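J.: Contents of input32.pdb (PDB, C-alpha atoms) are below:
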ATOM      1  CA  MET A  16       0.000   0.000   0.000
ATOM      2  CA  PHE A  17       1.379   3.377  -1.018
ATOM      3  CA  VAL A  18       0.855   6.458   1.154
ATOM      4  CA  PRO A  19       1.950   9.790  -0.290
ATOM      5  CA  LEU A  20       4.892  11.390   1.471
ATOM      6  CA  TRP A  21       3.029  14.657   2.118
ATOM      7  CA  ILE A  22       0.390  12.777   4.127
ATOM      8  CA  LEU A  23       3.060  11.115   6.268
ATOM      9  CA  ALA A  24       4.784  14.470   6.833
ATOM     10  CA  GLY A  25       1.479  16.092   7.767
ATOM     11  CA  LEU A  26       0.668  13.334  10.259
ATOM     12  CA  PHE A  27       4.127  13.672  11.784
ATOM     13  CA  VAL A  28       3.718  17.449  12.208
ATOM     14  CA  VAL A  29       0.252  17.093  13.757
ATOM     15  CA  THR A  30       1.502  14.386  16.144
ATOM     16  CA  ALA A  31       4.495  16.498  17.155
ATOM     17  CA  LEU A  32       2.305  19.548  17.808
ATOM     18  CA  LEU A  33      -0.111  17.517  19.924
ATOM     19  CA  ALA A  34       2.766  16.017  21.901
ATOM     20  CA  LEU A  35       4.213  19.491  22.555
ATOM     21  CA  ALA A  36       0.828  20.766  23.710
ATOM     22  CA  VAL A  37       0.483  17.877  26.173
ATOM     23  CA  ILE A  38       4.029  18.348  27.486
ATOM     24  CA  ARG A  39       3.523  22.102  28.005
ATOM     25  CA  LYS A  40       0.246  21.553  29.864
ATOM     26  CA  SER A  41       1.677  18.928  32.199
ATOM     27  CA  GLY A  42       5.036  20.671  32.636
ATOM     28  CA  ALA A  43       6.091  23.142  35.280
ATOM     29  CA  ASP A  44       4.281  26.439  35.664
ATOM     30  CA  ASP A  45       5.955  29.633  34.749
ATOM     31  CA  MET A  46       8.294  31.050  37.361
ATOM     32  CA  LEU A  47       6.006  33.841  38.557
ATOM     33  CA  SER A  48       3.031  31.603  39.300
ATOM     34  CA  GLN A  49       5.321  29.124  41.049
ATOM     35  CA  GLN A  50       6.727  31.871  43.293
ATOM     36  CA  ARG A  51       3.240  33.129  44.126
ATOM     37  CA  ARG A  52       2.109  29.619  44.985
ATOM     38  CA  ASP A  53       5.161  28.881  47.169
ATOM     39  CA  ALA A  54       5.206  32.213  49.020
ATOM     40  CA  PRO A  55       3.644  32.262  52.459
ATOM     41  CA  PRO A  56       0.501  34.358  52.815
ATOM     42  CA  LEU A  57       1.242  37.929  53.786
ATOM     43  CA  HIS A  58      -0.835  37.823  56.957
ATOM     44  CA  SER A  59       1.240  34.955  58.359
ATOM     45  CA  ILE A  60       4.524  36.855  58.220
ATOM     46  CA  ASP A  61       5.711  38.348  61.490
ATOM     47  CA  GLU A  62       7.419  41.553  60.403
ATOM     48  CA  ALA A  63       9.037  42.159  63.774
ATOM     49  CA  ALA A  64      10.576  38.688  63.805
ATOM     50  CA  LEU A  65      11.925  39.135  60.277
ATOM     51  CA  MET A  66      13.459  42.497  61.071
ATOM     52  CA  ALA A  67      14.948  41.088  64.296
ATOM     53  CA  LEU A  68      16.990  38.492  62.422
ATOM     54  CA  PRO A  69      20.672  39.078  63.147
ATOM     55  CA  GLU A  70      21.613  39.173  59.467
ATOM     56  CA  VAL A  71      18.988  41.812  58.726
ATOM     57  CA  THR A  72      19.814  44.036  61.692
ATOM     58  CA  GLU A  73      23.554  43.842  60.995
ATOM     59  CA  ALA A  74      23.024  44.750  57.343
ATOM     60  CA  LEU A  75      20.851  47.713  58.311
ATOM     61  CA  GLU A  76      23.374  48.877  60.900
ATOM     62  CA  ARG A  77      26.016  48.894  58.172
ATOM     63  CA  GLY A  78      23.602  50.849  55.956
ATOM     64  CA  ASN A  79      23.334  48.048  53.432
ATOM     65  CA  LYS A  80      19.633  47.904  52.536
ATOM     66  CA  ILE A  81      20.170  45.601  49.575
ATOM     67  CA  GLU A  82      21.746  42.924  51.743
ATOM     68  CA  ALA A  83      18.936  43.305  54.285
ATOM     69  CA  ILE A  84      16.358  42.862  51.513
ATOM     70  CA  LYS A  85      18.122  39.697  50.361
ATOM     71  CA  HIS A  86      18.033  38.237  53.858
ATOM     72  CA  VAL A  87      14.346  39.118  54.284
ATOM     73  CA  ARG A  88      13.537  37.474  50.957
ATOM     74  CA  LEU A  89      15.409  34.307  51.881
ATOM     75  CA  ALA A  90      13.823  34.066  55.311
ATOM     76  CA  SER A  91      10.260  34.882  54.307
ATOM     77  CA  GLY A  92       9.785  33.870  50.688
ATOM     78  CA  LEU A  93       8.422  37.341  49.908
ATOM     79  CA  GLY A  94       8.955  38.957  46.556
ATOM     80  CA  LEU A  95      11.426  41.728  45.888
ATOM     81  CA  LYS A  96       8.854  44.512  46.099
ATOM     82  CA  GLU A  97       7.330  43.326  49.375
ATOM     83  CA  SER A  98      10.742  42.749  50.957
ATOM     84  CA  LYS A  99      11.965  46.182  49.880
ATOM     85  CA  GLU A 100       8.867  47.874  51.298
ATOM     86  CA  LEU A 101       9.253  45.993  54.579
ATOM     87  CA  VAL A 102      12.931  46.913  54.968
ATOM     88  CA  GLU A 103      12.308  50.551  54.044
ATOM     89  CA  ARG A 104       9.398  50.799  56.507
ATOM     90  CA  HIS A 105      11.607  49.459  59.254
ATOM     91  CA  ALA A 106      14.663  51.535  58.272
ATOM     92  CA  ARG A 107      12.678  54.788  58.578
ATOM     93  CA  ARG A 108      11.956  54.168  62.261
TER      94      ARG A 108
END
What does this structure look like when you write it as structure tokens?

T.:
Amino acid sequence: MFVPLWILAGLFVVTALLALAVIRKSGADDMLSQQRRDAPPLHSIDEAALMALPEVTEALERGNKIEAIKHVRLASGLGLKESKELVERHARR
């Protein structure tokens, strides 16, 4: 039985596209949605405890806000914006 080459090529392309669609659906989420899902809820974060961490207080004493923000992000799982706002709120006091 003879099947034209263009039909075989078309079936291959359709199969490849379907396989890619299935892989993308079942694969990992994009980075932003994964970070939002993994971050703790904002109401459960104790700001005073975060700002009392030795690494954060030492960085702020040295005047290094960026380092303090990094430590807050690592300890809390907050995003960059939230961590920056928290550190700046505390640094103003």

J.: Evaluate the PyMOL selection byres ((chain A and resi 105-107) around 9) against this structure - the residues, as a list of chain:residue names, please.

T.: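 Evaluating the PyMOL selection byres ((chain A and resi 105-107) around 9) on this file yields A:Ala63, A:Met66, A:Leu75, A:Lys80, A:Glu100, A:Leu101, A:Val102, A:Glu103, A:Arg104, A:Arg108.
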
J.: For atom CA of Met46 of chain A and atom CA of Glu82 of chain A, quote the distance in Å rounded to one decimal.

T.: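 Separation between atom CA of Met46 of chain A and atom CA of Glu82 of chain A: 23.0 Å.
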
J.: Of the candidates A:Ala24, A:Val18, A:Val71, A:Ala31, which one gets nearest to Ala90 of chain A if we count only C-alpha atoms?

T.: A:Val71

J.: When you draw a straight line from atom CA of Ala67 of chain A to atom CA of Val87 of chain A, how long is it in Å?

T.: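 We find that atom CA of Ala67 of chain A and atom CA of Val87 of chain A lie 10.2 Å from each other.
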
J.: What's the 9 Å shell around Ser91 of chain A, counting all atoms listed in the file, without same-chain residues fewer than 2 positions away, as a ChimeraX atom specification?

T.: /A:54-55,60,65,86-89,93-94,98

J.: Work out how far atom CA of Ala64 of chain A is from atom CA of Glu97 of chain A, in Å to one decimal.

T.: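 Atom-to-atom, atom CA of Glu97 of chain A to atom CA of Ala64 of chain A, that is 15.5 Å.
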
J.: Find the residues with any atom within 9 Å of (5.6, 39.4, 40.3); use all atoms listed in the file and the coordinates as given in the file, and write the answer as a list in words.

T.: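 Output: Leu47, Ser48, Gln50, Arg51, Gly94, Leu95 and Lys96 of chain A.
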